[in-house]
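Below is run.tsv, which holds TSV, C-alpha atoms.
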```tsv
chain	number	residue	atom	x	y	z
A	2	MET	CA	14.73	-25.69	-163.26
A	3	ALA	CA	17.70	-23.31	-163.52
A	4	LEU	CA	20.87	-24.04	-161.61
A	5	PRO	CA	21.63	-21.64	-158.75
A	6	VAL	CA	24.14	-18.92	-159.57
A	7	ALA	CA	26.63	-20.29	-157.03
A	8	THR	CA	26.52	-23.71	-158.70
A	9	GLN	CA	27.00	-22.21	-162.14
A	10	LEU	CA	29.98	-20.16	-160.93
A	11	LYS	CA	31.46	-23.29	-159.40
A	12	TYR	CA	31.23	-25.19	-162.68
A	13	TRP	CA	32.65	-22.34	-164.74
A	14	GLY	CA	35.44	-21.87	-162.18
A	15	ILE	CA	36.35	-25.53	-162.36
A	16	ALA	CA	36.41	-25.36	-166.16
A	17	ALA	CA	38.71	-22.31	-166.07
A	18	ALA	CA	41.02	-24.01	-163.55
A	19	VAL	CA	41.25	-27.15	-165.69
A	20	PHE	CA	42.03	-25.01	-168.76
A	21	PHE	CA	44.93	-23.25	-167.08
A	22	VAL	CA	46.30	-26.46	-165.55
A	23	VAL	CA	46.25	-28.16	-168.95
A	24	LEU	CA	47.86	-25.10	-170.50
A	25	TRP	CA	50.63	-25.13	-167.90
A	26	ALA	CA	51.23	-28.89	-168.16
A	27	LEU	CA	51.03	-29.23	-171.96
A	28	GLY	CA	52.25	-25.83	-173.09
A	29	ASP	CA	55.00	-27.03	-175.43
A	30	VAL	CA	52.91	-29.91	-176.75
A	31	ILE	CA	49.89	-27.83	-177.71
A	32	LEU	CA	51.96	-24.94	-179.08
A	33	PRO	CA	51.73	-25.99	-182.77
A	34	PHE	CA	47.98	-26.51	-182.41
A	35	LEU	CA	47.55	-23.05	-180.90
A	36	ILE	CA	49.60	-21.51	-183.70
A	37	GLY	CA	47.58	-23.44	-186.29
A	38	ALA	CA	44.33	-22.31	-184.68
A	39	ALA	CA	45.56	-18.70	-184.64
A	40	VAL	CA	46.43	-18.90	-188.34
A	41	ALA	CA	43.02	-20.41	-189.15
A	42	TYR	CA	41.24	-17.73	-187.10
A	43	PHE	CA	43.24	-15.02	-188.87
A	44	LEU	CA	42.40	-16.37	-192.34
A	45	ASP	CA	38.76	-17.34	-191.78
A	46	PRO	CA	37.36	-13.94	-192.97
A	47	LEU	CA	39.36	-14.31	-196.20
A	48	ALA	CA	37.91	-17.77	-196.74
A	49	ASP	CA	34.42	-16.42	-196.07
A	50	ARG	CA	35.04	-13.62	-198.57
A	51	LEU	CA	36.10	-16.11	-201.25
A	52	GLU	CA	32.99	-18.17	-200.52
A	53	SER	CA	30.83	-15.09	-200.94
A	54	VAL	CA	32.09	-14.64	-204.52
A	55	GLY	CA	31.10	-18.19	-205.47
A	56	LEU	CA	33.97	-20.49	-204.48
A	57	SER	CA	33.34	-23.57	-202.36
A	58	ARG	CA	34.91	-23.81	-198.92
A	59	ALA	CA	37.39	-26.43	-200.13
A	60	LEU	CA	38.43	-24.34	-203.12
A	61	SER	CA	38.72	-21.21	-200.94
A	62	VAL	CA	41.04	-23.04	-198.55
A	63	ALA	CA	43.03	-24.40	-201.50
A	64	VAL	CA	43.52	-20.89	-202.94
A	65	ILE	CA	44.62	-19.53	-199.55
A	66	THR	CA	47.00	-22.48	-199.07
A	67	VAL	CA	48.67	-21.98	-202.45
A	68	LEU	CA	49.08	-18.24	-201.83
A	69	GLY	CA	50.49	-18.95	-198.38
A	70	ILE	CA	53.03	-21.42	-199.80
A	71	LEU	CA	54.14	-18.93	-202.46
A	72	ILE	CA	54.56	-16.14	-199.91
A	73	PHE	CA	56.42	-18.47	-197.53
A	74	VAL	CA	58.83	-19.66	-200.26
A	75	ALA	CA	59.49	-16.10	-201.42
A	76	THR	CA	60.16	-15.01	-197.84
A	77	VAL	CA	62.56	-17.89	-197.21
A	78	LEU	CA	64.46	-17.28	-200.45
A	79	VAL	CA	64.62	-13.49	-200.33
A	80	VAL	CA	64.13	-12.09	-196.84
A	81	VAL	CA	65.40	-14.72	-194.38
A	82	PRO	CA	69.02	-14.93	-195.67
A	83	THR	CA	69.39	-11.15	-195.69
A	84	LEU	CA	67.80	-10.86	-192.27
A	85	SER	CA	70.07	-13.56	-190.84
A	86	ASN	CA	73.19	-12.00	-192.38
A	87	GLN	CA	72.34	-8.54	-191.07
A	88	ALA	CA	71.60	-9.86	-187.57
A	89	THR	CA	74.94	-11.68	-187.51
A	90	ALA	CA	76.76	-8.64	-188.90
A	91	LEU	CA	75.14	-6.43	-186.27
A	92	VAL	CA	76.52	-8.64	-183.52
A	93	GLU	CA	79.94	-8.80	-185.18
A	94	SER	CA	80.11	-5.01	-185.57
A	95	ALA	CA	79.52	-4.36	-181.86
A	96	PRO	CA	83.23	-3.71	-181.14
A	97	GLU	CA	83.37	-1.17	-183.98
A	98	LEU	CA	80.27	0.56	-182.66
A	99	SER	CA	81.83	0.57	-179.20
A	100	ARG	CA	85.01	2.13	-180.62
A	101	LYS	CA	83.02	4.87	-182.34
A	102	LEU	CA	81.15	5.53	-179.12
A	103	GLN	CA	84.48	5.89	-177.31
A	104	GLU	CA	85.69	8.35	-179.96
A	105	PHE	CA	82.48	10.36	-179.59
A	106	VAL	CA	82.85	10.47	-175.80
A	107	THR	CA	86.55	11.37	-176.09
A	108	ARG	CA	85.79	14.23	-178.47
A	109	HIS	CA	82.90	15.74	-176.56
A	110	PHE	CA	83.46	14.59	-172.97
A	111	PRO	CA	87.23	14.15	-172.57
A	112	GLU	CA	87.03	14.10	-168.78
A	113	LEU	CA	84.98	10.90	-168.96
A	114	ALA	CA	87.17	9.11	-171.46
A	115	ASP	CA	90.47	8.79	-169.62
A	116	ALA	CA	92.25	5.55	-170.51
A	117	ASP	CA	91.91	4.33	-166.95
A	118	SER	CA	88.35	5.55	-166.45
A	119	ALA	CA	85.60	3.11	-165.60
A	120	LEU	CA	83.51	4.30	-168.56
A	121	ARG	CA	86.17	3.52	-171.16
A	122	GLN	CA	86.94	0.15	-169.64
A	123	SER	CA	83.24	-0.68	-169.51
A	124	LEU	CA	82.68	0.22	-173.17
A	125	THR	CA	85.65	-1.87	-174.23
A	126	ALA	CA	84.49	-4.81	-172.17
A	127	ILE	CA	80.93	-4.56	-173.55
A	128	GLY	CA	82.13	-4.56	-177.15
A	129	ASP	CA	84.46	-7.52	-176.64
A	130	THR	CA	81.82	-9.47	-174.75
A	131	ILE	CA	79.19	-8.97	-177.44
A	132	LYS	CA	81.61	-10.05	-180.14
A	133	GLU	CA	82.70	-13.13	-178.22
A	134	ARG	CA	79.31	-14.11	-176.89
A	135	GLY	CA	76.95	-12.70	-179.51
A	136	GLY	CA	77.33	-15.55	-181.96
A	137	GLN	CA	77.17	-18.06	-179.14
A	138	MET	CA	73.97	-16.43	-177.85
A	139	LEU	CA	72.38	-16.60	-181.29
A	140	GLU	CA	73.34	-20.26	-181.65
A	141	THR	CA	72.02	-21.04	-178.17
A	142	LEU	CA	68.77	-19.22	-178.90
A	143	LEU	CA	68.31	-21.04	-182.18
A	144	GLY	CA	69.16	-24.33	-180.48
A	145	SER	CA	66.59	-23.68	-177.76
A	146	VAL	CA	63.92	-22.80	-180.29
A	147	SER	CA	64.78	-25.87	-182.33
A	148	SER	CA	64.45	-28.06	-179.27
A	149	LEU	CA	61.15	-26.42	-178.36
A	150	ILE	CA	59.66	-26.35	-181.84
A	151	SER	CA	61.10	-28.98	-184.12
A	152	ILE	CA	61.40	-28.39	-187.84
A	153	ALA	CA	58.73	-31.01	-188.47
A	154	VAL	CA	56.32	-29.23	-186.11
A	155	LEU	CA	57.04	-25.83	-187.58
A	156	PHE	CA	56.80	-26.74	-191.25
A	157	VAL	CA	54.42	-29.69	-191.22
A	158	VAL	CA	52.15	-29.83	-188.18
A	159	VAL	CA	51.25	-26.12	-188.01
A	160	PRO	CA	50.24	-25.79	-191.70
A	161	VAL	CA	48.30	-29.07	-191.59
A	162	VAL	CA	46.44	-28.03	-188.43
A	163	ALA	CA	45.74	-24.58	-189.89
A	164	VAL	CA	44.36	-25.99	-193.16
A	165	TYR	CA	42.08	-28.52	-191.44
A	166	LEU	CA	40.80	-25.99	-188.91
A	167	LEU	CA	40.24	-23.39	-191.61
A	168	TYR	CA	38.26	-25.90	-193.67
A	169	ASP	CA	36.10	-26.96	-190.69
A	170	TRP	CA	35.90	-23.59	-188.93
A	171	ASP	CA	32.24	-22.82	-189.57
A	172	ARG	CA	31.19	-26.37	-188.71
A	173	MET	CA	33.18	-26.27	-185.47
A	174	VAL	CA	31.49	-23.02	-184.48
A	175	ALA	CA	28.08	-24.52	-185.24
A	176	ARG	CA	28.90	-27.66	-183.21
A	177	ILE	CA	30.04	-25.60	-180.23
A	178	ASP	CA	26.89	-23.49	-180.49
A	179	ASP	CA	24.80	-26.66	-180.41
A	180	LEU	CA	26.48	-27.65	-177.10
A	181	LEU	CA	25.69	-24.39	-175.32
A	182	PRO	CA	23.30	-24.61	-172.35
A	183	ARG	CA	19.95	-23.61	-173.84
A	184	GLU	CA	18.98	-21.25	-171.03
A	185	HIS	CA	22.11	-19.17	-171.36
A	186	ALA	CA	22.77	-19.63	-175.09
A	187	PRO	CA	21.67	-16.10	-176.14
A	188	VAL	CA	23.88	-14.44	-173.52
A	189	ILE	CA	26.84	-16.69	-174.34
A	190	ARG	CA	26.42	-15.97	-178.06
A	191	TYR	CA	26.35	-12.25	-177.33
A	192	LEU	CA	29.49	-12.43	-175.19
A	193	ALA	CA	31.24	-14.64	-177.75
A	194	SER	CA	30.42	-12.17	-180.53
A	195	GLU	CA	31.79	-9.29	-178.46
A	196	ILE	CA	34.96	-11.25	-177.67
A	197	ASP	CA	35.35	-12.13	-181.35
A	198	LYS	CA	34.85	-8.49	-182.32
A	199	THR	CA	37.52	-7.42	-179.85
A	200	MET	CA	39.96	-10.16	-180.84
A	201	SER	CA	39.46	-9.76	-184.58
A	202	GLY	CA	39.76	-6.00	-184.31
A	203	PHE	CA	43.06	-6.29	-182.49
A	204	ILE	CA	44.71	-9.48	-183.76
A	205	ARG	CA	43.80	-9.18	-187.42
A	206	GLY	CA	44.10	-5.40	-187.38
A	207	MET	CA	47.38	-5.23	-185.49
A	208	GLY	CA	48.80	-8.13	-187.49
A	209	THR	CA	48.17	-6.17	-190.67
A	210	VAL	CA	49.58	-2.99	-189.10
A	211	CYS	CA	52.74	-4.86	-188.03
A	212	LEU	CA	53.20	-6.26	-191.53
A	213	ILE	CA	52.74	-2.89	-193.21
A	214	LEU	CA	54.96	-0.99	-190.76
A	215	GLY	CA	57.66	-3.66	-190.74
A	216	THR	CA	57.82	-3.60	-194.54
A	217	TYR	CA	57.81	0.20	-194.60
A	218	TYR	CA	60.55	0.56	-191.98
A	219	ALA	CA	62.75	-2.13	-193.53
A	220	VAL	CA	62.49	-0.78	-197.09
A	221	ALA	CA	62.77	2.89	-196.08
A	222	LEU	CA	65.79	2.33	-193.82
A	223	MET	CA	67.56	0.28	-196.48
A	224	LEU	CA	66.87	2.96	-199.10
A	225	ALA	CA	68.23	5.55	-196.65
A	226	GLY	CA	71.48	3.58	-196.59
A	227	LEU	CA	71.31	2.53	-192.95
A	228	GLN	CA	73.32	-0.55	-192.15
A	229	PHE	CA	71.20	-3.34	-190.69
A	230	GLY	CA	68.09	-1.47	-191.89
A	231	LEU	CA	66.27	-4.70	-192.69
A	232	VAL	CA	66.71	-6.26	-189.25
A	233	VAL	CA	65.88	-2.97	-187.49
A	234	GLY	CA	62.74	-2.49	-189.58
A	235	PHE	CA	61.68	-6.09	-189.04
A	236	ALA	CA	62.14	-5.78	-185.28
A	237	ALA	CA	60.26	-2.46	-185.16
A	238	GLY	CA	57.35	-3.88	-187.14
A	239	LEU	CA	57.16	-7.05	-185.04
A	240	LEU	CA	57.25	-5.16	-181.74
A	241	THR	CA	54.49	-2.81	-182.90
A	242	PHE	CA	52.14	-5.54	-181.65
A	243	ILE	CA	53.02	-4.34	-178.14
A	244	PRO	CA	51.78	-0.75	-177.80
A	245	TYR	CA	54.52	1.92	-178.00
A	246	VAL	CA	57.34	-0.65	-177.73
A	247	GLY	CA	57.93	-1.08	-181.46
A	248	ALA	CA	58.34	2.63	-182.16
A	249	LEU	CA	60.50	3.16	-179.06
A	250	VAL	CA	62.87	0.24	-179.61
A	251	GLY	CA	63.05	0.59	-183.39
A	252	GLY	CA	63.46	4.37	-183.30
A	253	VAL	CA	66.18	4.34	-180.64
A	254	LEU	CA	68.07	1.54	-182.39
A	255	ALA	CA	67.80	3.09	-185.86
A	256	ILE	CA	68.74	6.61	-184.76
A	257	GLY	CA	71.57	5.24	-182.62
A	258	LEU	CA	73.00	3.32	-185.58
A	259	ALA	CA	72.54	6.38	-187.79
A	260	LEU	CA	74.51	8.52	-185.35
A	261	PHE	CA	77.44	6.10	-185.58
A	262	GLN	CA	77.22	5.57	-189.33
A	263	PHE	CA	76.41	9.13	-190.47
A	264	TRP	CA	77.95	11.24	-187.70
A	265	GLY	CA	78.27	14.79	-189.00
A	266	ASP	CA	75.80	14.20	-191.84
A	267	TRP	CA	72.79	15.61	-190.03
A	268	ILE	CA	70.58	15.44	-193.11
A	269	GLN	CA	71.05	11.66	-193.29
A	270	ILE	CA	70.47	11.27	-189.55
A	271	GLY	CA	67.40	13.47	-189.79
A	272	LEU	CA	66.14	11.32	-192.67
A	273	VAL	CA	66.32	8.19	-190.49
A	274	ALA	CA	64.48	9.99	-187.69
A	275	ALA	CA	61.90	11.29	-190.18
A	276	ILE	CA	61.22	7.73	-191.35
A	277	PHE	CA	60.08	6.78	-187.85
A	278	VAL	CA	58.17	10.03	-187.32
A	279	LEU	CA	56.32	9.45	-190.59
A	280	GLY	CA	55.72	5.80	-189.68
A	281	GLN	CA	54.23	6.72	-186.32
A	282	THR	CA	52.10	9.45	-187.91
A	283	ILE	CA	50.71	7.01	-190.47
A	284	GLU	CA	50.13	4.36	-187.81
A	285	GLY	CA	48.38	6.70	-185.37
A	286	ASN	CA	46.23	8.56	-187.90
A	287	VAL	CA	45.59	6.04	-190.68
A	288	LEU	CA	46.53	2.41	-190.03
A	289	THR	CA	45.39	1.89	-186.44
A	290	PRO	CA	42.08	3.82	-186.77
A	291	LYS	CA	41.23	2.09	-190.08
A	292	LEU	CA	42.46	-1.45	-189.40
A	293	VAL	CA	42.15	-1.78	-185.62
A	294	GLY	CA	39.54	0.80	-184.66
A	295	SER	CA	39.05	2.74	-181.46
A	296	SER	CA	36.36	0.61	-179.85
A	297	ILE	CA	38.04	-2.80	-179.41
A	298	GLY	CA	38.16	-2.34	-175.65
A	299	LEU	CA	41.79	-3.43	-175.13
A	300	HIS	CA	43.60	-0.66	-173.27
A	301	PRO	CA	47.35	-0.67	-173.99
A	302	VAL	CA	48.22	-0.94	-170.28
A	303	TRP	CA	45.85	-3.88	-169.84
A	304	LEU	CA	47.33	-5.59	-172.91
A	305	ILE	CA	50.92	-5.12	-171.74
A	306	PHE	CA	49.97	-6.44	-168.31
A	307	ALA	CA	48.30	-9.52	-169.83
A	308	LEU	CA	51.29	-10.23	-172.07
A	309	SER	CA	53.67	-9.89	-169.12
A	310	VAL	CA	51.64	-12.08	-166.74
A	311	PHE	CA	50.83	-14.86	-169.19
A	312	GLY	CA	54.33	-14.79	-170.65
A	313	ALA	CA	55.83	-15.21	-167.17
A	314	LEU	CA	53.39	-17.99	-166.19
A	315	PHE	CA	53.19	-20.01	-169.40
A	316	GLY	CA	56.08	-18.84	-171.58
A	317	PHE	CA	55.57	-18.33	-175.30
A	318	VAL	CA	52.29	-20.25	-175.21
A	319	GLY	CA	51.03	-17.81	-172.58
A	320	MET	CA	51.86	-14.86	-174.81
A	321	LEU	CA	49.85	-16.47	-177.62
A	322	ILE	CA	46.73	-16.74	-175.48
A	323	ALA	CA	47.25	-13.45	-173.63
A	324	VAL	CA	45.30	-11.36	-176.16
A	325	PRO	CA	42.26	-13.70	-176.39
A	326	VAL	CA	42.12	-14.06	-172.60
A	327	ALA	CA	42.55	-10.31	-172.11
A	328	ALA	CA	39.78	-9.65	-174.63
A	329	ALA	CA	37.49	-12.18	-172.93
A	330	ILE	CA	38.13	-10.76	-169.46
A	331	GLY	CA	37.49	-7.24	-170.75
A	332	VAL	CA	34.19	-8.22	-172.36
A	333	LEU	CA	33.06	-10.16	-169.27
A	334	ALA	CA	34.02	-7.26	-167.01
A	335	ARG	CA	32.01	-4.78	-169.10
A	336	PHE	CA	29.05	-7.18	-169.16
A	337	ALA	CA	29.24	-7.63	-165.39
A	338	ILE	CA	29.37	-3.86	-164.86
A	339	GLY	CA	26.34	-3.44	-167.12
A	340	GLN	CA	24.42	-6.09	-165.19
A	341	TYR	CA	25.43	-4.47	-161.90
A	342	LYS	CA	24.21	-1.06	-163.04
A	343	HIS	CA	20.81	-2.55	-163.87
A	344	SER	CA	20.57	-4.42	-160.59
A	345	GLN	CA	18.79	-3.38	-157.44
A	346	LEU	CA	22.12	-3.46	-155.63
A	347	TYR	CA	23.25	-0.46	-157.71
A	348	ARG	CA	19.95	1.36	-158.19
A	349	GLY	CA	18.60	0.77	-154.72
A	350	SER	CA	14.94	1.02	-153.85
A	351	VAL	CA	14.52	4.31	-155.74
A	352	ASP	CA	14.71	3.99	-159.55
A	353	GLN	CA	16.48	7.24	-160.33
A	354	ASP	CA	19.82	8.42	-161.65
A	355	GLY	CA	20.72	10.83	-158.89
A	356	PRO	CA	20.88	10.45	-155.08
```
Kindly return the structure encoded in the file as structure tokens.
Amino acid sequence: MALPVATQLKYWGIAAAVFFVVLWALGDVILPFLIGAAVAYFLDPLADRLESVGLSRALSVAVITVLGILIFVATVLVVVPTLSNQATALVESAPELSRKLQEFVTRHFPELADADSALRQSLTAIGDTIKERGGQMLETLLGSVSSLISIAVLFVVVPVVAVYLLYDWDRMVARIDDLLPREHAPVIRYLASEIDKTMSGFIRGMGTVCLILGTYYAVALMLAGLQFGLVVGFAAGLLTFIPYVGALVGGVLAIGLALFQFWGDWIQIGLVAAIFVLGQTIEGNVLTPKLVGSSIGLHPVWLIFALSVFGALFGFVGMLIAVPVAAAIGVLARFAIGQYKHSQLYRGSVDQDGP
């Protein structure tokens, strides 16, 4: 005998409430496990692909692990030091950038640049403050991150969790499927497949887009001779995950730095701008349609809202689960709308499309 709908909703509501309470109470504790699960989810198709060519699951995971270690070591040895140095240099050069901005204002808007004007005093104060506090802010940020995610967690727990979950991924899915209530198993499988399609289309697709764009921006800006090109390109690629934010922040920052560094050399400034125009053209017409697709069902506004809400409620952990939860809510909402449109409540007593 099937449970009444009200009873089922009560049980599912209790389960959702428990999930969010646990997430709020144990956010920092479960963070490495969430990151490990995200890594395993991201790499599972690659493991499946290796299995399809004849490798065992264990050997597939071993190959992925070795490649991951090599990429990680290369990144630490080559990219991280340069990125750290450029970020520090960017903070240290703030007074010089402020001085150049004052010279620009003095040359083109002399009435605003009087020695006693509020604008000039503000620019001077901003530059001095960034120089004095910038390094301290970076140290405080790194100290906070270190206290939140210890080195052991970051470099030991996360990889171990990811490897074990990747190895057991298919068995875990089968075990969960075996626990589904038999009456609703087909519907739950359908919804889970739709959620997975949405999540994989966005997370795996956008992760690849971020990596490609970040590499492109960093290399192109460095070849163009822009100071801090690596850190600007890295930031632009990382923020591409949030719709429109990566291009806006990266483009404004890169063009602003180019104006200070290459003022008067409009060809060089135009080259920096063209790098971002080309990047956005490639992203919009090639990368996103090919790697993400147009039917994942995650509207940019809905995604930004989910990231903002879950980030405010649960911190960094909330931002990690924002995309899966947003994808699940979107799929459930579309399913509910479909059920409603096939119900008598929507169609009424007359089975027709029009009034």
Note to self: Excluding Leu212 of chain A and its own-chain neighbours fewer than 6 positions away, which residues fall within 10 Å of it when counting all atoms listed in the file? Please give them as a list in words.
What the structure shows: Phe235, Gly238, Leu239, Thr241 and Phe242 of chain A
Next item on the list: Just give me the gap between atom CA of Phe311 of chain A and atom CA of Glu284 of chain A in Å, one decimal is fine.
Entry: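 These two atoms are separated by 26.8 Å.
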Notebook entry, point to check: Neighbours of Gln269 of chain A within 12 Å (only C-alpha atoms; same-chain residues fewer than 5 positions away dropped), as a PyMOL selection string?
Noted result: chain A and resi 222+224-227+255-256+258-264+274-276
Proximity of segment 161-197 of chain A to segment 62-65 of chain A: per-residue shortest pair, 8 Å limit, all atoms listed in the file, as a tab-separated table:
```
residue	atom	partner	partner_atom	distance
A:Val164	CA	A:Val62	CA	7.0
A:Leu167	CA	A:Val62	CA	7.0
A:Tyr168	CA	A:Val62	CA	6.3
```
Margin query: Give me, as a count of residues only, all polymer residues having an atom no more than 12 Å from Asp178 of chain A, counting only C-alpha atoms and skipping those fewer than 2 positions away in the same chain.
Written below: 19
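Taking all atoms listed in the file into account, Thr216 of chain A lies nearest to A:Ala236 out of the set A:Val310, A:Ala236, A:Leu288, A:Ala337.
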Next item on the list: One decimal, Å: what's the distance from atom CA of Ala248 of chain A over to atom CA of Lys198 of chain A, could you say?
Entry: 26.0 Å
Note to self: Using all atoms listed in the file for the distances, tell me which of A:Phe229, A:Phe277, A:Trp303, A:Tyr217 is nearest to Val326 of chain A.
What the structure shows: A:Trp303
Check: What separation in Å, quoted to one decimal, exists between atom CA of Leu304 of chain A and atom CA of Gly251 of chain A?
Finding: 19.9 Å
Check: Quick one: of A:Ala163, A:Ile270, A:Ala323, A:Val210, who's nearest to Gly69 of chain A, counting only C-alpha atoms?
Finding: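 Once distances to Gly69 of chain A are computed over only C-alpha atoms, the minimum belongs to A:Ala163.
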Checklist line | Of the listed residues A:Tyr218, A:Phe306, A:Trp170, A:Tyr347, that which approaches Val40 of chain A most closely, counting all atoms listed in the file | finding: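 That would be A:Trp170, the residue with the smallest distance to Val40 of chain A.
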